[in-house]
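A.B. asks: Dropping the structure in here first, questions after.
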Amino acid sequence: MDVAIFSAKPYDRQFLAAANEGRHQLAFIEARLSDETVRFAGGADCICAFVNDQVTAPVIAELAAAGTKLIALRSAGFNHVDLAAAEAAGMTVGRVPAYSPHAVAEHAVALILTLNRNTHRAFNRVREGNFALEGLLGFDLCGKTVGVVGTGLIGRTFAGIMRGFGCRVIASDPYPSDECAALGVTYVPLEQLFAEADILSLQCPLTPDTHHLIDDRAIGLMKRGVMIVNTSRGAVVDASAVIRGLKSGVIGGLALDVYEEEADLFFEDLSQKAIQDDVFARLLTFPNVLITGHQAFFTREALSGIARTTIDNITAYEDTGRVLHPVTAPR
């Protein structure tokens with residue numbers, strides 16, 4: 001099949017080409033998919049999209065008119081795709097439901113350890129010859145209560161790691177996991193989780209129910225000094241609300257690998273430009289905020305898994321007209 005791969009970075013070329021083994025004709029397009037760039041697909045049989053590509057109804061209509069039949073997502077999330085429009089156009093949507101849950105879970109733990117023990121600040125101090133410890137005080141993880149929102153593969157992996165630190169782990173999920181419970185995780189109502197957690201980790205998908213799950217009301221239920229970590233989807237957190245929580249002191253630490261308006265920021269080098277997003281710029285002013293640019297997935301194992309599953313979806317569609325991991329519009 002002819003495949004147009006949008007938001008293609010050098011690492012995408014490397015891993016997708018290796019997984020492809022010459023089976024399909026891959027065209028790598030650095031630009032994000034949008035109304036303005038959809039023409040670059042050039043009538044490809046398949047377009048391959050990443051998390052910040054805009055697979056909207058107008059984009060889908062133009063793709064369908066040019067003959068595209070398959071949308072292959074190289075992500076687990078699909079909130080950036082108009083599924084109803086794809087279904088109406090007769091287009092199949094495939095995704096990567098799992099690649100390396102360890103990659104994201106371990107990054108969430110790295111954020112917690114870094115933010116708690118201020119290793120990022122200590123690194124910069126020592127390089128400047130400053131060995132003072134003031135301002136670097138952390139706390140023991142052992143014995144703390146960690147709340148996990150969402151116990152799919154990533155959430156369960158994260159919960160297991162935190163149990164290994166000696167934490168009490170509580171969780172909230174509409175579909176409790178027996179595997180998670182077997183790790184010693186206790187399921188509680190969401191409001192109870194907010195009230196008891198010393199550390200709150202978000203591992204849930206973005207749905208209408210989880211959009212701005214962390215808002216003023218939720219923050220008002222939390223312990224003073226709570227640490228919030230989000231490695232799920234940016235819009236699960238209301239950024240303006242967490243700024244208010246940081247200013248009030250209710251939020252003692254905030255670690256983000258995703259951001260609601262990240263499409264204009266992440267995956268690009270903007271070091272020579274002014275950040276135009278005032279809310280994001282405000283977050284960067286807090287000493288107890290740690291932000292990484294959507295890199296939780298970025299391990300060799302995860303990229304290999306994403307590439308392999310993406311190519312397998314494309315191959316399955318070419319052979320049978322079906323993908324291995326379909327996404328369908330809700331009924």
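Order determines the names: the first chain of the structure tokens is A, the second B, and so forth; residues in each chain are numbered 1 upward, and ligands are numbered 1 upward as they are shown.
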May I have all residues of stretch 34-151 of chain A that DSSP, computed from the backbone, assigns to alpha helix (DSSP H), given as a VMD selection string?
C.D. replies: chain A and resid 57 to 66 83 to 88 101 to 117 119 to 127
A.B. asks: May I have the residues from that selection written out with C-alpha atoms, as a JSON list (two decimals), in the first residue's frame?
C.D. replies:
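Full text of result.json as output:
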[["chain", "number", "residue", "atom", "x", "y", "z"],
["A", 57, "ALA", "CA", -14.29, 15.83, 9.24],
["A", 58, "PRO", "CA", -13.02, 18.19, 6.49],
["A", 59, "VAL", "CA", -9.65, 16.39, 6.43],
["A", 60, "ILE", "CA", -11.37, 13.01, 6.22],
["A", 61, "ALA", "CA", -13.66, 14.24, 3.41],
["A", 62, "GLU", "CA", -10.65, 15.38, 1.38],
["A", 63, "LEU", "CA", -8.78, 12.15, 2.04],
["A", 64, "ALA", "CA", -11.77, 10.04, 1.04],
["A", 65, "ALA", "CA", -12.30, 12.05, -2.15],
["A", 66, "ALA", "CA", -8.68, 11.35, -3.11],
["A", 83, "LEU", "CA", -14.76, 8.70, 14.03],
["A", 84, "ALA", "CA", -18.29, 9.43, 12.84],
["A", 85, "ALA", "CA", -16.94, 11.23, 9.78],
["A", 86, "ALA", "CA", -14.55, 8.36, 9.06],
["A", 87, "GLU", "CA", -17.36, 5.82, 9.31],
["A", 88, "ALA", "CA", -19.60, 7.91, 7.05],
["A", 101, "PRO", "CA", 3.11, 0.17, 29.22],
["A", 102, "HIS", "CA", 6.43, 0.20, 31.08],
["A", 103, "ALA", "CA", 7.61, 3.23, 29.07],
["A", 104, "VAL", "CA", 4.80, 5.52, 30.22],
["A", 105, "ALA", "CA", 4.53, 4.09, 33.73],
["A", 106, "GLU", "CA", 8.26, 4.39, 34.34],
["A", 107, "HIS", "CA", 8.28, 7.96, 33.03],
["A", 108, "ALA", "CA", 5.50, 8.85, 35.47],
["A", 109, "VAL", "CA", 7.64, 7.44, 38.28],
["A", 110, "ALA", "CA", 10.66, 9.39, 37.00],
["A", 111, "LEU", "CA", 8.61, 12.59, 37.13],
["A", 112, "ILE", "CA", 7.56, 11.84, 40.71],
["A", 113, "LEU", "CA", 11.12, 11.15, 41.86],
["A", 114, "THR", "CA", 12.52, 14.19, 40.06],
["A", 115, "LEU", "CA", 9.86, 16.58, 41.33],
["A", 116, "ASN", "CA", 9.99, 15.21, 44.88],
["A", 117, "ARG", "CA", 13.77, 15.12, 45.30],
["A", 119, "THR", "CA", 17.14, 16.34, 41.14],
["A", 120, "HIS", "CA", 16.64, 18.63, 38.13],
["A", 121, "ARG", "CA", 17.31, 21.69, 40.27],
["A", 122, "ALA", "CA", 20.23, 20.03, 42.07],
["A", 123, "PHE", "CA", 21.83, 19.16, 38.73],
["A", 124, "ASN", "CA", 21.83, 22.79, 37.64],
["A", 125, "ARG", "CA", 23.06, 24.01, 41.05],
["A", 126, "VAL", "CA", 26.01, 21.66, 41.15],
["A", 127, "ARG", "CA", 27.07, 22.62, 37.62]]
A.B. asks: Tell me which protein, DNA and RNA residues are within 12 Å of A:Ile170, counting only C-alpha atoms, leaving out same-chain ones fewer than 6 positions away, and put them as a PyMOL selection string.
C.D. replies: chain A and resi 144-151+155-156+158-160+162-163+176+180-181+183-201
A.B. asks: Report as number ranges by chain all protein, DNA and RNA residues lying within 8 Å of stretch 244-249 of chain A, evaluated on only C-alpha atoms, omitting residues in the same chain fewer than 4 positions from it.
C.D. replies: A: 216, 219, 224-225, 240, 253
A.B. asks: Just N, CA and C atoms for this one: save the residues we selected as an mmCIF file, in the first residue's frame.
C.D. replies:
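Written output follows (result-v9.cif):
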data_model
loop_
_atom_site.group_PDB
_atom_site.id
_atom_site.type_symbol
_atom_site.label_atom_id
_atom_site.label_comp_id
_atom_site.auth_asym_id
_atom_site.auth_seq_id
_atom_site.Cartn_x
_atom_site.Cartn_y
_atom_site.Cartn_z
ATOM 1 N N ASP A 216 -11.362 22.902 39.275
ATOM 2 C CA ASP A 216 -11.397 23.569 40.582
ATOM 3 C C ASP A 216 -12.096 22.727 41.637
ATOM 4 N N ILE A 219 -9.815 19.783 42.682
ATOM 5 C CA ILE A 219 -8.678 20.271 43.474
ATOM 6 C C ILE A 219 -9.130 20.664 44.872
ATOM 7 N N ARG A 224 -3.906 19.302 51.049
ATOM 8 C CA ARG A 224 -2.982 20.402 50.812
ATOM 9 C C ARG A 224 -1.576 19.837 50.593
ATOM 10 N N GLY A 225 -0.942 20.247 49.520
ATOM 11 C CA GLY A 225 0.387 19.766 49.190
ATOM 12 C C GLY A 225 0.408 18.562 48.267
ATOM 13 N N SER A 240 -5.775 26.065 33.752
ATOM 14 C CA SER A 240 -6.049 27.281 34.524
ATOM 15 C C SER A 240 -6.416 26.948 35.961
ATOM 16 N N GLY A 253 2.969 20.079 44.060
ATOM 17 C CA GLY A 253 3.853 19.755 42.945
ATOM 18 C C GLY A 253 3.025 19.303 41.761
#
A.B. asks: Please, which residues of stretch 142-248 of chain A, numbered as in this document, come out strand (DSSP E or B) from DSSP, as a list in words?
C.D. replies: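 Answer for stretch 142-248 of chain A restricted to strand (DSSP E or B) is Thr145, Val146, Gly147, Val148, Val149, Arg168, Val169, Ile170, Ala171, Ser172, Thr186, Tyr187, Ile199, Leu200, Ser201, Leu202, Ile214, Val226, Met227, Ile228, Val229, Asn230 and Val237 of chain A.
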A.B. asks: If you count only C-alpha atoms, which residues fall within 8 Å of stretch 299-307 of chain A, apart from same-chain ones fewer than 3 positions away, as a count of residues only?
C.D. replies: 14
A.B. asks: Find the residues near A:Asp53: any atom within 7 Å, counting only C-alpha atoms, skip ones fewer than 2 places away on the same chain, and give them as number ranges by chain.
C.D. replies: A: 32-34, 49-51, 55, 80
